[in-house]
file data_10.cif (mmCIF, C-alpha atoms and all ligand atoms)
data_target
loop_
_atom_site.label_atom_id
_atom_site.label_comp_id
_atom_site.auth_asym_id
_atom_site.auth_seq_id
_atom_site.Cartn_x
_atom_site.Cartn_y
_atom_site.Cartn_z
CA MET L 25 149.38 173.92 134.57
CA ARG L 26 151.16 173.07 137.81
CA THR L 27 154.79 173.87 137.11
CA ILE L 28 158.12 173.86 138.91
CA THR L 29 160.56 176.08 137.04
CA ILE L 30 164.23 175.71 137.94
CA LYS L 31 166.64 178.53 137.18
CA PRO L 32 170.19 177.16 136.88
CA THR L 33 171.58 180.70 136.51
CA ALA L 34 170.24 181.50 139.99
CA ILE L 35 172.09 178.50 141.43
CA THR L 36 175.34 179.61 139.80
CA HIS L 37 174.77 183.13 141.12
CA ASN L 38 174.20 181.79 144.65
CA LEU L 39 177.30 179.59 144.40
CA ASN L 40 179.27 182.70 143.49
CA GLN L 41 177.87 184.43 146.57
CA VAL L 42 179.26 181.56 148.66
CA LYS L 43 182.63 181.82 146.92
CA LYS L 44 182.76 185.56 147.62
CA ARG L 45 182.08 184.94 151.29
CA ALA L 46 184.50 182.01 151.58
CA PRO L 47 187.18 182.83 149.00
CA HIS L 48 189.86 180.60 150.53
CA SER L 49 187.74 177.47 151.00
CA LYS L 50 186.76 174.71 148.66
CA VAL L 51 183.01 174.30 148.20
CA LEU L 52 181.17 171.02 148.72
CA ALA L 53 177.79 171.93 147.24
CA MET L 54 175.06 169.96 148.98
CA VAL L 55 172.74 168.23 146.51
CA LYS L 56 171.21 165.63 148.81
CA SER L 57 167.47 164.89 148.65
CA ASN L 58 167.38 165.47 144.89
CA ALA L 59 169.18 168.80 145.24
CA TYR L 60 166.77 170.03 147.92
CA GLY L 61 163.87 169.12 145.65
CA HIS L 62 165.20 171.04 142.65
CA GLY L 63 166.22 167.93 140.69
CA VAL L 64 169.84 166.87 140.72
CA ALA L 65 170.05 166.58 136.92
CA ALA L 66 168.95 170.19 136.53
CA VAL L 67 171.25 171.45 139.26
CA LEU L 68 174.60 169.75 138.56
CA PRO L 69 175.36 171.71 135.36
CA ALA L 70 174.95 174.92 137.37
CA LEU L 71 177.53 173.75 139.91
CA THR L 72 180.51 173.12 137.66
CA GLN L 73 182.51 175.72 139.58
CA ALA L 74 181.99 173.87 142.87
CA ASP L 75 184.87 171.66 144.05
CA GLY L 76 182.59 168.81 144.98
CA ILE L 77 179.06 167.83 145.86
CA GLY L 78 177.61 166.42 149.07
CA VAL L 79 174.97 163.68 149.23
CA ALA L 80 173.37 161.68 152.02
CA THR L 81 173.00 158.25 150.45
CA LEU L 82 175.10 156.04 148.25
CA ILE L 83 172.25 155.92 145.72
CA GLU L 84 172.45 159.71 145.42
CA ALA L 85 176.21 159.46 144.91
CA LEU L 86 175.83 156.84 142.17
CA GLU L 87 173.15 158.93 140.46
CA ALA L 88 175.50 161.92 140.37
CA ARG L 89 178.27 159.76 138.89
CA GLN L 90 175.82 158.47 136.26
CA LEU L 91 174.96 162.06 135.41
CA GLY L 92 178.65 162.62 134.73
CA TRP L 93 179.82 164.39 137.91
CA ASP L 94 183.51 163.48 137.96
CA LYS L 95 184.77 165.64 140.84
CA THR L 96 184.59 164.99 144.58
CA ILE L 97 181.45 163.41 145.99
CA GLY L 98 181.19 163.55 149.77
CA LEU L 99 178.85 161.01 151.38
CA VAL L 100 177.88 162.90 154.54
CA GLU L 101 176.56 159.98 156.58
CA GLY L 102 179.15 157.59 155.16
CA ALA L 103 178.57 153.99 154.10
CA PHE L 104 175.80 152.12 155.89
CA THR L 105 177.29 148.64 155.29
CA ALA L 106 180.61 147.04 154.36
CA ASP L 107 179.16 146.44 150.89
CA GLU L 108 178.37 150.14 150.53
CA TRP L 109 181.95 150.92 151.54
CA GLN L 110 183.15 148.71 148.67
CA GLN L 111 180.76 150.45 146.27
CA ALA L 112 182.03 153.82 147.49
CA ILE L 113 185.52 152.66 146.53
CA ASP L 114 184.28 151.41 143.15
CA HIS L 115 182.79 154.82 142.38
CA GLU L 116 185.43 157.00 144.02
CA VAL L 117 183.12 158.41 146.68
CA SER L 118 184.69 160.16 149.64
CA CYS L 119 182.94 159.08 152.85
CA VAL L 120 182.27 160.42 156.29
CA ILE L 121 183.43 158.10 159.03
CA HIS L 122 181.39 158.77 162.14
CA HIS L 123 181.45 155.54 164.14
CA VAL L 124 183.46 152.39 164.77
CA PRO L 125 181.84 150.05 162.19
CA GLN L 126 182.69 152.51 159.39
CA LEU L 127 186.21 152.81 160.77
CA GLU L 128 186.58 149.04 160.67
CA TRP L 129 185.35 148.79 157.06
CA ALA L 130 187.84 151.49 156.10
CA LEU L 131 190.74 149.78 157.87
CA ASP L 132 189.83 146.32 156.55
CA ASN L 133 189.43 147.48 152.97
CA VAL L 134 191.80 150.31 152.05
CA PRO L 135 191.21 151.77 148.58
CA PRO L 136 194.06 152.16 146.07
CA ALA L 137 196.43 155.06 146.74
CA ALA L 138 195.08 157.31 143.99
CA SER L 139 191.41 156.68 144.84
CA ALA L 140 189.18 159.58 145.94
CA THR L 141 187.92 157.24 148.67
CA ARG L 142 191.34 157.63 150.33
CA VAL L 143 190.05 161.01 151.49
CA VAL L 144 187.75 160.56 154.48
CA TRP L 145 185.68 163.07 156.41
CA LEU L 146 186.22 162.22 160.06
CA LYS L 147 183.18 163.32 161.99
CA TYR L 148 183.63 164.90 165.40
CA ASN L 149 180.61 165.35 167.65
CA THR L 150 181.08 168.89 168.92
CA GLY L 151 177.61 169.28 170.41
CA MET L 152 174.97 168.40 167.82
CA ASN L 153 174.81 164.87 169.26
CA ARG L 154 173.69 163.14 166.11
CA LEU L 155 176.69 161.68 164.28
CA GLY L 156 180.33 161.61 165.29
CA PHE L 157 183.06 160.37 167.58
CA ASN L 158 183.80 162.00 170.91
CA ALA L 159 187.19 163.66 171.42
CA GLU L 160 188.98 160.50 172.47
CA GLY L 161 187.41 158.47 169.66
CA VAL L 162 188.24 160.99 166.99
CA ILE L 163 191.92 161.08 167.95
CA ALA L 164 192.14 157.27 167.97
CA ALA L 165 190.31 156.99 164.63
CA ALA L 166 192.50 159.67 163.08
CA LYS L 167 195.67 157.84 164.11
CA HIS L 168 194.46 154.51 162.68
CA LEU L 169 193.22 156.06 159.44
CA HIS L 170 196.36 158.10 158.91
CA ALA L 171 198.54 155.04 159.53
CA ALA L 172 196.49 153.13 156.93
CA GLY L 173 197.21 155.83 154.33
CA TYR L 174 194.03 157.92 154.44
CA GLN L 175 193.95 161.70 154.04
CA LEU L 176 191.76 163.26 156.69
CA ILE L 177 189.26 166.09 156.75
CA LEU L 178 188.04 166.75 160.28
CA THR L 179 184.37 167.68 160.08
CA THR L 180 181.48 168.59 162.32
CA HIS L 181 178.03 170.12 161.90
CA PHE L 182 176.50 173.14 163.63
CA ALA L 183 173.26 172.72 165.55
CA ASN L 184 172.36 176.43 165.64
CA ALA L 185 174.41 178.30 163.06
CA ASP L 186 171.26 180.04 161.79
CA ASP L 187 171.11 181.96 165.08
CA ILE L 188 174.34 183.87 165.55
CA THR L 189 173.50 184.58 169.19
CA HIS L 190 173.13 180.92 170.21
CA PRO L 191 175.74 180.03 172.86
CA LEU L 192 176.43 176.53 171.47
CA ASN L 193 178.02 178.02 168.34
CA ALA L 194 181.07 179.29 170.22
CA VAL L 195 181.39 175.96 172.04
CA GLN L 196 181.29 173.97 168.78
CA ILE L 197 183.75 176.32 167.09
CA GLN L 198 186.21 176.08 169.98
CA ARG L 199 185.99 172.30 170.22
CA PHE L 200 186.54 172.00 166.47
CA LYS L 201 189.45 174.42 166.47
CA ASP L 202 191.15 172.66 169.40
CA MET L 203 190.69 169.23 167.85
CA LEU L 204 192.04 170.30 164.48
CA ALA L 205 195.13 171.71 166.22
CA THR L 206 195.53 168.46 168.16
CA LEU L 207 195.27 166.30 165.03
CA LYS L 208 197.66 168.52 163.10
CA GLU L 209 200.17 168.15 165.90
CA SER L 210 199.70 164.51 166.85
CA VAL L 211 198.65 162.90 163.56
CA SER L 212 199.59 164.97 160.53
CA ASN L 213 199.95 168.63 159.70
CA ASP L 214 198.05 167.83 156.54
CA VAL L 215 194.70 167.16 158.28
CA LYS L 216 192.10 169.47 156.75
CA GLY L 217 188.97 170.99 158.30
CA SER L 218 185.31 171.44 157.32
CA LEU L 219 182.91 173.17 159.68
CA CYS L 220 180.41 175.44 157.95
CA ASN L 221 177.05 174.81 156.32
CA SER L 222 175.24 177.73 154.63
CA ALA L 223 174.49 179.52 157.90
CA GLY L 224 178.08 179.05 159.03
CA VAL L 225 179.32 180.52 155.76
CA VAL L 226 177.25 183.64 156.46
CA ASN L 227 177.61 183.94 160.23
CA PHE L 228 181.10 182.64 160.94
CA SER L 229 183.43 184.01 158.29
CA GLU L 230 186.46 183.58 160.56
CA HIS L 231 185.92 179.84 160.66
CA HIS L 232 185.54 178.66 157.09
CA TYR L 233 188.53 176.27 157.09
CA ASP L 234 189.43 174.17 154.03
CA TRP L 235 185.95 173.11 152.89
CA VAL L 236 182.56 174.78 153.33
CA ARG L 237 179.40 172.71 152.80
CA PRO L 238 176.61 175.05 151.68
CA GLY L 239 173.18 173.66 150.91
CA ILE L 240 170.09 175.83 151.21
CA ILE L 241 171.90 179.05 150.28
CA LEU L 242 172.59 177.63 146.81
CA TYR L 243 168.88 177.39 146.21
CA GLY L 244 168.28 181.01 147.17
CA SER L 245 166.83 180.64 150.64
CA ALA L 246 168.11 182.64 153.60
CA PRO L 247 170.09 180.33 155.89
CA VAL L 248 170.09 182.69 158.89
CA ILE L 249 167.22 184.01 160.95
CA ASP L 250 168.17 187.68 160.94
CA LYS L 251 168.72 188.32 157.22
CA SER L 252 166.45 187.79 154.24
CA ALA L 253 167.48 186.16 150.98
CA GLN L 254 167.25 189.56 149.35
CA GLU L 255 169.55 191.14 151.94
CA LEU L 256 172.04 188.36 151.23
CA ASP L 257 171.72 188.96 147.47
CA LEU L 258 170.44 185.46 146.78
CA GLN L 259 168.22 184.51 143.87
CA PRO L 260 165.43 181.94 144.26
CA ALA L 261 166.30 178.93 142.12
CA MET L 262 162.72 177.69 141.92
CA SER L 263 159.43 179.19 140.87
CA PHE L 264 156.36 177.10 141.74
CA SER L 265 153.25 178.09 139.82
CA ALA L 266 149.75 177.03 138.83
CA GLN L 267 146.70 178.47 137.10
CA ILE L 268 143.32 179.92 137.92
CA ILE L 269 140.71 177.39 136.78
CA ALA L 270 137.49 178.99 138.04
CA LEU L 271 136.12 182.28 139.34
CA GLN L 272 133.34 182.79 141.80
CA THR L 273 131.84 185.54 143.96
CA VAL L 274 131.15 184.20 147.41
CA SER L 275 128.33 185.92 149.27
CA ALA L 276 128.76 187.47 152.68
CA ASN L 277 128.43 184.90 155.50
CA ASP L 278 129.10 181.96 153.19
CA ALA L 279 132.02 179.67 153.98
CA ILE L 280 134.75 178.27 151.73
CA GLY L 281 136.27 174.83 151.52
CA TYR L 282 136.68 171.83 153.83
CA GLY L 283 135.71 172.49 157.41
CA SER L 284 134.04 175.75 156.32
CA ARG L 285 136.85 177.50 158.15
CA TRP L 286 136.84 180.77 156.24
CA ILE L 287 133.64 182.78 156.30
CA ALA L 288 133.19 185.77 153.99
CA GLN L 289 132.64 188.99 155.91
CA LYS L 290 131.39 190.62 152.71
CA ASP L 291 130.75 189.54 149.12
CA THR L 292 134.18 188.37 147.95
CA ASP L 293 135.56 187.71 144.47
CA THR L 294 137.47 184.45 144.62
CA ALA L 295 139.51 182.34 142.25
CA LEU L 296 140.19 178.62 142.33
CA VAL L 297 143.84 177.70 141.75
CA SER L 298 144.83 174.23 140.57
CA ILE L 299 147.35 173.46 143.30
CA GLY L 300 147.18 171.67 146.62
CA TYR L 301 149.02 169.54 149.11
CA GLY L 302 149.03 166.77 146.49
CA ASP L 303 151.55 168.91 144.63
CA GLY L 304 153.53 169.95 147.69
CA TYR L 305 151.85 173.20 148.62
CA PRO L 306 151.58 172.97 152.43
CA ARG L 307 148.14 172.21 153.85
CA VAL L 308 148.87 174.04 157.06
CA VAL L 309 149.19 177.67 156.04
CA SER L 310 148.22 180.52 158.31
CA GLU L 311 145.67 183.20 157.43
CA ASP L 312 148.33 185.62 156.23
CA ALA L 313 149.52 183.23 153.48
CA TYR L 314 149.30 184.70 150.01
CA VAL L 315 150.12 183.90 146.40
CA SER L 316 150.83 186.21 143.46
CA VAL L 317 148.40 186.40 140.58
CA ILE L 318 149.95 187.55 137.32
CA ASP L 319 147.56 189.54 135.17
CA SER L 320 148.56 188.47 131.64
CA THR L 321 147.08 191.63 130.08
CA ASN L 322 149.63 193.90 131.78
CA ASN L 323 152.02 191.37 133.41
CA ARG L 324 151.40 192.96 136.80
CA SER L 325 151.56 190.85 139.90
CA TYR L 326 148.94 191.02 142.66
CA PRO L 327 149.27 189.47 146.13
CA CYS L 328 146.13 187.48 146.92
CA ALA L 329 145.29 185.82 150.25
CA VAL L 330 144.71 182.07 150.50
CA LEU L 331 141.21 181.47 151.85
CA GLY L 332 140.25 178.46 153.97
CA ARG L 333 141.78 175.00 153.89
CA VAL L 334 144.28 173.93 151.27
CA ALA L 335 142.90 170.79 149.61
CA MET L 336 144.75 168.04 147.75
CA ASP L 337 144.29 169.64 144.33
CA MET L 338 142.91 173.14 144.88
CA ILE L 339 143.14 176.34 146.83
CA VAL L 340 140.81 179.31 146.85
CA ILE L 341 142.24 182.83 146.81
CA ASP L 342 140.80 186.31 147.25
CA VAL L 343 141.05 188.26 143.99
CA SER L 344 138.86 191.19 145.12
CA ALA L 345 141.77 193.61 144.90
CA VAL L 346 142.73 192.63 141.34
CA PRO L 347 141.31 195.08 138.76
CA ASP L 348 139.24 193.45 136.00
CA ASN L 349 139.22 190.22 137.94
CA THR L 350 136.44 188.75 135.82
CA SER L 351 139.02 188.00 133.12
CA LEU L 352 141.47 186.14 135.33
CA LEU L 353 140.59 182.64 134.13
CA ASP L 354 143.80 180.78 133.10
CA SER L 355 146.01 183.41 134.77
CA LYS L 356 149.29 182.26 136.22
CA VAL L 357 149.60 182.10 140.01
CA ILE L 358 152.97 182.04 141.77
CA LEU L 359 152.92 179.91 144.92
CA TRP L 360 156.55 180.72 145.60
CA GLY L 361 159.37 182.27 143.63
CA ASP L 362 160.32 185.94 143.66
CA ALA L 363 157.14 186.79 145.62
CA PRO L 364 156.12 185.24 147.82
CA HIS L 365 159.57 183.90 148.59
CA VAL L 366 159.64 180.27 149.70
CA ASP L 367 160.97 181.51 153.06
CA GLU L 368 157.73 183.48 153.55
CA VAL L 369 155.56 180.50 152.63
CA ALA L 370 157.58 178.34 155.02
CA ALA L 371 156.97 180.84 157.82
CA HIS L 372 153.24 180.80 157.02
CA ALA L 373 153.35 177.00 157.19
CA HIS L 374 155.31 176.93 160.47
CA THR L 375 158.21 175.11 158.86
CA ILE L 376 161.44 175.80 156.98
CA SER L 377 162.00 176.21 153.26
CA TYR L 378 164.04 172.99 153.19
CA GLU L 379 160.94 170.94 153.97
CA LEU L 380 158.71 172.65 151.41
CA LEU L 381 161.33 172.25 148.68
CA CYS L 382 162.08 168.60 149.46
CA ARG L 383 158.50 167.43 149.65
CA LEU L 384 157.23 168.67 146.30
CA SER L 385 155.39 165.80 144.68
CA ILE L 386 155.94 164.29 141.24
CA ARG L 387 152.71 165.79 139.87
CA PRO L 388 153.88 169.28 138.84
CA LYS L 389 155.56 169.52 135.47
CA ARG L 390 159.25 170.39 135.75
CA VAL L 391 160.91 172.84 133.38
CA GLN L 392 164.03 174.97 133.30
CA ALA L 393 164.11 178.71 132.79
C1 LIG O 1 176.75 167.45 157.13
C2 LIG O 1 176.01 168.55 156.45
N1 LIG O 1 176.71 169.56 155.92
C3 LIG O 1 176.09 170.57 155.29
C4 LIG O 1 174.72 170.60 155.16
C5 LIG O 1 174.07 171.76 154.45
O1 LIG O 1 173.27 172.48 155.32
P1 LIG O 1 172.52 173.80 154.81
O2 LIG O 1 171.54 173.37 153.80
O3 LIG O 1 171.86 174.32 156.05
O4 LIG O 1 173.57 174.68 154.26
C6 LIG O 1 173.96 169.57 155.70
C7 LIG O 1 172.49 169.61 155.60
O5 LIG O 1 171.76 169.19 156.42
C8 LIG O 1 174.63 168.51 156.36
O6 LIG O 1 173.94 167.50 156.88
#
call {"tool": "encode", "arguments": {"input": "data_10.cif", "output": "structure tokens"}}
result
Amino acid sequence: MRTITIKPTAITHNLNQVKKRAPHSKVLAMVKSNAYGHGVAAVLPALTQADGIGVATLIEALEARQLGWDKTIGLVEGAFTADEWQQAIDHEVSCVIHHVPQLEWALDNVPPAASATRVVWLKYNTGMNRLGFNAEGVIAAAKHLHAAGYQLILTTHFANADDITHPLNAVQIQRFKDMLATLKESVSNDVKGSLCNSAGVVNFSEHHYDWVRPGIILYGSAPVIDKSAQELDLQPAMSFSAQIIALQTVSANDAIGYGSRWIAQKDTDTALVSIGYGDGYPRVVSEDAYVSVIDSTNNRSYPCAVLGRVAMDMIVIDVSAVPDNTSLLDSKVILWGDAPHVDEVAAHAHTISYELLCRLSIRPKRVQA
């Protein structure tokens, strides 16, 4: 059976790793895109020690409220319309303000004094060049918002925090630091700061400020390019598995699958696994991609190469190296989990773990460990 198993204890463990690294900061745990594909309902109970959660759309915010999340919700792209701003007020969602229309909605419609929507995340474009005001705009917006009674968190987002050597990191950090000092001096000493995503939490421990905003690290993936999840003591929060549904010995010189891309150099014992891109396993995996076959008789795990093209519902794997491989029918196959780690599969698919996790389809059964 195609199964996605979520381990809430791993998420809590990873949150604690963030807290150890950023002991003086509040944590806005990012749960956008259905908690990076893990399922927000499964993930929220594991995040009770976070100070807030971060989402990208108002619908995600309302879903979290419906699920009973009663602490901070940060809407990281802010409201998209004046009506959404009103709904944010109705549901006590704390919004990013990154451009003039959002500023106008906030100034035209100020929430009650005790509302969580009175806290706004003022977005400064320090070099990512997606969302945010320039320096002049951020100072003007801060003055207007403060005068209207809002509490401000200056925020920005790194473009390259995963690569500690990238020169833009220092530029973004300096611009952020200077702007926070300016706002504290010219607007209010109470302006707070939020700079770091997961990679920033790991790579820039001197710059954690009041709120960190970790995402991928919570799910057990390495956020930086020079350290593995294991080196960072992270636990994978998801195990993606399927089953062997057929066995076959393919003769030397015969080809496997669509496009006949893989040709057996010798007689090869293969197994068919009931998983494919229709479930979210990436179609484009390189020749070094592998899965783990669990031999139920001894619970041992064997790495087995993926052979030929990934199809919508099936992959073929090489089980030649598994002892007693004639009895593997029904055996469990791990696509990602402890091994291979989703970071490895992502590398084999020329992408990042975020994408693999977010684009899992609705077909696999979802369970919790
Ligand atoms: C504004 C903002 N903060 C934090 C994050 C979390 O990033 P990561 O998952 O790399 O920790 C994201 C994710 O894209 C984001 O958009």
call {"tool": "residues_near_ligand", "arguments": {"input": "data_10.cif", "ligand": "ligand LIG 1 (chain O)", "cutoff": "6 Å", "atoms": "all atoms listed in the file", "output": "JSON, numbers by chain"}}
result
{"L": [54, 100, 181, 221, 222, 237, 238, 239, 240]}
call {"tool": "residues_near_point", "arguments": {"input": "data_10.cif", "point": "(148.9, 177.9, 155.0)", "cutoff": "8 Å", "atoms": "all atoms listed in the file", "output": "list in words"}}
result
Pro306, Arg307, Val308, Val309, Ser310, Glu311, Asp312, Ala313, Val330, Arg333, Val334, Val369, His372 and Ala373 of chain L
call {"tool": "write_last_selection", "arguments": {"input": "data_10.cif", "atoms": "C-alpha atoms", "output": "PDB file, keeping the file's coordinate frame"}}
result
ATOM      1  CA  PRO L 306     151.580 172.970 152.430  1.00  0.00           C
ATOM      2  CA  ARG L 307     148.140 172.210 153.850  1.00  0.00           C
ATOM      3  CA  VAL L 308     148.870 174.040 157.060  1.00  0.00           C
ATOM      4  CA  VAL L 309     149.190 177.670 156.040  1.00  0.00           C
ATOM      5  CA  SER L 310     148.220 180.520 158.310  1.00  0.00           C
ATOM      6  CA  GLU L 311     145.670 183.200 157.430  1.00  0.00           C
ATOM      7  CA  ASP L 312     148.330 185.620 156.230  1.00  0.00           C
ATOM      8  CA  ALA L 313     149.520 183.230 153.480  1.00  0.00           C
ATOM      9  CA  VAL L 330     144.710 182.070 150.500  1.00  0.00           C
ATOM     10  CA  ARG L 333     141.780 175.000 153.890  1.00  0.00           C
ATOM     11  CA  VAL L 334     144.280 173.930 151.270  1.00  0.00           C
ATOM     12  CA  VAL L 369     155.560 180.500 152.630  1.00  0.00           C
ATOM     13  CA  HIS L 372     153.240 180.800 157.020  1.00  0.00           C
ATOM     14  CA  ALA L 373     153.350 177.000 157.190  1.00  0.00           C
TER      15      ALA L 373
END
call {"tool": "atom_distance", "arguments": {"input": "data_10.cif", "atom1": "CA of Val117 (chain L)", "atom2": "CA of Leu178 (chain L)"}}
result
16.7 Å
call {"tool": "closest_atom_pairs", "arguments": {"input": "data_10.cif", "of": "region 198-306 of chain L", "to": "region 61-72 of chain L", "cutoff": "9 Å", "atoms": "all atoms listed in the file", "output": "tab-separated table"}}
result
residue	atom	partner	partner_atom	distance
L:Tyr243	CA	L:His62	CA	8.2
L:Ala261	CA	L:His62	CA	8.0
L:Met262	CA	L:His62	CA	7.1
call {"tool": "closest_residue", "arguments": {"input": "data_10.cif", "among": "L:Arg26, L:Arg390, L:His37, L:Arg324", "to": "Pro260 (chain L)", "atoms": "only C-alpha atoms"}}
result
L:His37
call {"tool": "residues_near_point", "arguments": {"input": "data_10.cif", "point": "(182.5, 153.9, 141.8)", "cutoff": "10 Å", "atoms": "only C-alpha atoms", "output": "MDAnalysis selection string"}}
result
chainID L and resid 85:86 89:90 110:117 139:141
call {"tool": "write_last_selection", "arguments": {"input": "data_10.cif", "atoms": "C-alpha atoms", "output": "PDB file, keeping the file's coordinate frame"}}
result
ATOM      1  CA  ALA L  85     176.210 159.460 144.910  1.00  0.00           C
ATOM      2  CA  LEU L  86     175.830 156.840 142.170  1.00  0.00           C
ATOM      3  CA  ARG L  89     178.270 159.760 138.890  1.00  0.00           C
ATOM      4  CA  GLN L  90     175.820 158.470 136.260  1.00  0.00           C
ATOM      5  CA  GLN L 110     183.150 148.710 148.670  1.00  0.00           C
ATOM      6  CA  GLN L 111     180.760 150.450 146.270  1.00  0.00           C
ATOM      7  CA  ALA L 112     182.030 153.820 147.490  1.00  0.00           C
ATOM      8  CA  ILE L 113     185.520 152.660 146.530  1.00  0.00           C
ATOM      9  CA  ASP L 114     184.280 151.410 143.150  1.00  0.00           C
ATOM     10  CA  HIS L 115     182.790 154.820 142.380  1.00  0.00           C
ATOM     11  CA  GLU L 116     185.430 157.000 144.020  1.00  0.00           C
ATOM     12  CA  VAL L 117     183.120 158.410 146.680  1.00  0.00           C
ATOM     13  CA  SER L 139     191.410 156.680 144.840  1.00  0.00           C
ATOM     14  CA  ALA L 140     189.180 159.580 145.940  1.00  0.00           C
ATOM     15  CA  THR L 141     187.920 157.240 148.670  1.00  0.00           C
TER      16      THR L 141
END
call {"tool": "closest_residue", "arguments": {"input": "data_10.cif", "among": "L:Leu219, L:Val42, L:Ile318, L:Val195", "to": "Asp257 (chain L)", "atoms": "only C-alpha atoms"}}
result
L:Val42
call {"tool": "closest_residue", "arguments": {"input": "data_10.cif", "among": "L:Ser57, L:Ser49, L:Ser212, L:Asn184", "to": "Ile163 (chain L)", "atoms": "all atoms listed in the file"}}
result
L:Ser212
call {"tool": "closest_atom_pairs", "arguments": {"input": "data_10.cif", "of": "region 236-335 of chain L", "to": "region 363-367 of chain L", "cutoff": "9 Å", "atoms": "all atoms listed in the file", "output": "CSV"}}
result
residue,atom,partner,partner_atom,distance
L:Ser245,CA,L:Asp367,CA,6.4
L:Ala246,CA,L:Asp367,CA,7.2
L:Ser252,CA,L:Asp367,CA,8.4
L:Ala253,CA,L:Asp367,CA,8.3
L:Pro260,CA,L:His365,CA,7.5
L:Met262,CA,L:Val366,CA,8.8
L:Ser263,CA,L:Val366,CA,8.9
L:Ala313,CA,L:Pro364,CA,8.9
L:Tyr314,CA,L:Pro364,CA,7.2
L:Val315,CA,L:Pro364,CA,6.3
L:Ser316,CA,L:Ala363,CA,6.7
L:Ser325,CA,L:Ala363,CA,9.0
L:Pro327,CA,L:Pro364,CA,8.2
call {"tool": "residues_around", "arguments": {"input": "data_10.cif", "residues": "His123 (chain L)", "least_positions_apart": "6", "cutoff": "12 Å", "atoms": "all atoms listed in the file", "output": "count of residues only"}}
result
22
call {"tool": "closest_residue", "arguments": {"input": "data_10.cif", "among": "L:Ala345, L:Leu242, L:Gly332, L:Thr273", "to": "Ala34 (chain L)", "atoms": "all atoms listed in the file"}}
result
L:Leu242
call {"tool": "residues_around", "arguments": {"input": "data_10.cif", "residues": "Pro347 (chain L)", "least_positions_apart": "3", "cutoff": "12 Å", "atoms": "all atoms listed in the file", "output": "PyMOL selection string"}}
result
chain L and resi 293+317-319+321-322+324-326+343-344+350-352
call {"tool": "closest_residue", "arguments": {"input": "data_10.cif", "among": "L:Asp186, L:Glu255, L:Asp214, L:Asp303", "to": "Thr27 (chain L)", "atoms": "all atoms listed in the file"}}
result
L:Asp303
call {"tool": "atom_distance", "arguments": {"input": "data_10.cif", "atom1": "CA of Ala371 (chain L)", "atom2": "CA of Asp342 (chain L)"}}
result
20.1 Å
call {"tool": "build_atoms", "arguments": {"input": "data_10.cif", "residues": "region 318-329 of chain L", "atoms": "N, CA and C atoms", "output": "PDB file, in the frame of the given file"}}
result
ATOM      1  N   ILE L 318     149.363 186.744 138.399  1.00  0.00           N
ATOM      2  CA  ILE L 318     149.950 187.550 137.320  1.00  0.00           C
ATOM      3  C   ILE L 318     148.837 187.852 136.308  1.00  0.00           C
ATOM      4  N   ASP L 319     148.555 189.120 136.160  1.00  0.00           N
ATOM      5  CA  ASP L 319     147.560 189.540 135.170  1.00  0.00           C
ATOM      6  C   ASP L 319     148.238 189.558 133.798  1.00  0.00           C
ATOM      7  N   SER L 320     147.832 188.630 132.918  1.00  0.00           N
ATOM      8  CA  SER L 320     148.560 188.470 131.640  1.00  0.00           C
ATOM      9  C   SER L 320     148.363 189.682 130.726  1.00  0.00           C
ATOM     10  N   THR L 321     147.301 190.481 130.983  1.00  0.00           N
ATOM     11  CA  THR L 321     147.080 191.630 130.080  1.00  0.00           C
ATOM     12  C   THR L 321     148.142 192.698 130.292  1.00  0.00           C
ATOM     13  N   ASN L 322     148.617 192.851 131.542  1.00  0.00           N
ATOM     14  CA  ASN L 322     149.630 193.900 131.780  1.00  0.00           C
ATOM     15  C   ASN L 322     150.871 193.364 132.497  1.00  0.00           C
ATOM     16  N   ASN L 323     150.894 192.033 132.741  1.00  0.00           N
ATOM     17  CA  ASN L 323     152.020 191.370 133.410  1.00  0.00           C
ATOM     18  C   ASN L 323     152.234 191.858 134.840  1.00  0.00           C
ATOM     19  N   ARG L 324     151.239 192.520 135.414  1.00  0.00           N
ATOM     20  CA  ARG L 324     151.400 192.960 136.800  1.00  0.00           C
ATOM     21  C   ARG L 324     151.098 191.815 137.757  1.00  0.00           C
ATOM     22  N   SER L 325     151.691 191.917 138.912  1.00  0.00           N
ATOM     23  CA  SER L 325     151.560 190.850 139.900  1.00  0.00           C
ATOM     24  C   SER L 325     150.770 191.378 141.099  1.00  0.00           C
ATOM     25  N   TYR L 326     149.784 190.577 141.553  1.00  0.00           N
ATOM     26  CA  TYR L 326     148.940 191.020 142.660  1.00  0.00           C
ATOM     27  C   TYR L 326     148.984 189.994 143.794  1.00  0.00           C
ATOM     28  N   PRO L 327     149.321 190.418 145.005  1.00  0.00           N
ATOM     29  CA  PRO L 327     149.270 189.470 146.130  1.00  0.00           C
ATOM     30  C   PRO L 327     147.819 189.164 146.494  1.00  0.00           C
ATOM     31  N   CYS L 328     147.503 187.882 146.620  1.00  0.00           N
ATOM     32  CA  CYS L 328     146.130 187.480 146.920  1.00  0.00           C
ATOM     33  C   CYS L 328     146.140 186.465 148.066  1.00  0.00           C
ATOM     34  N   ALA L 329     145.305 186.688 149.060  1.00  0.00           N
ATOM     35  CA  ALA L 329     145.290 185.820 150.250  1.00  0.00           C
ATOM     36  C   ALA L 329     144.723 184.444 149.922  1.00  0.00           C
TER      37      ALA L 329
END
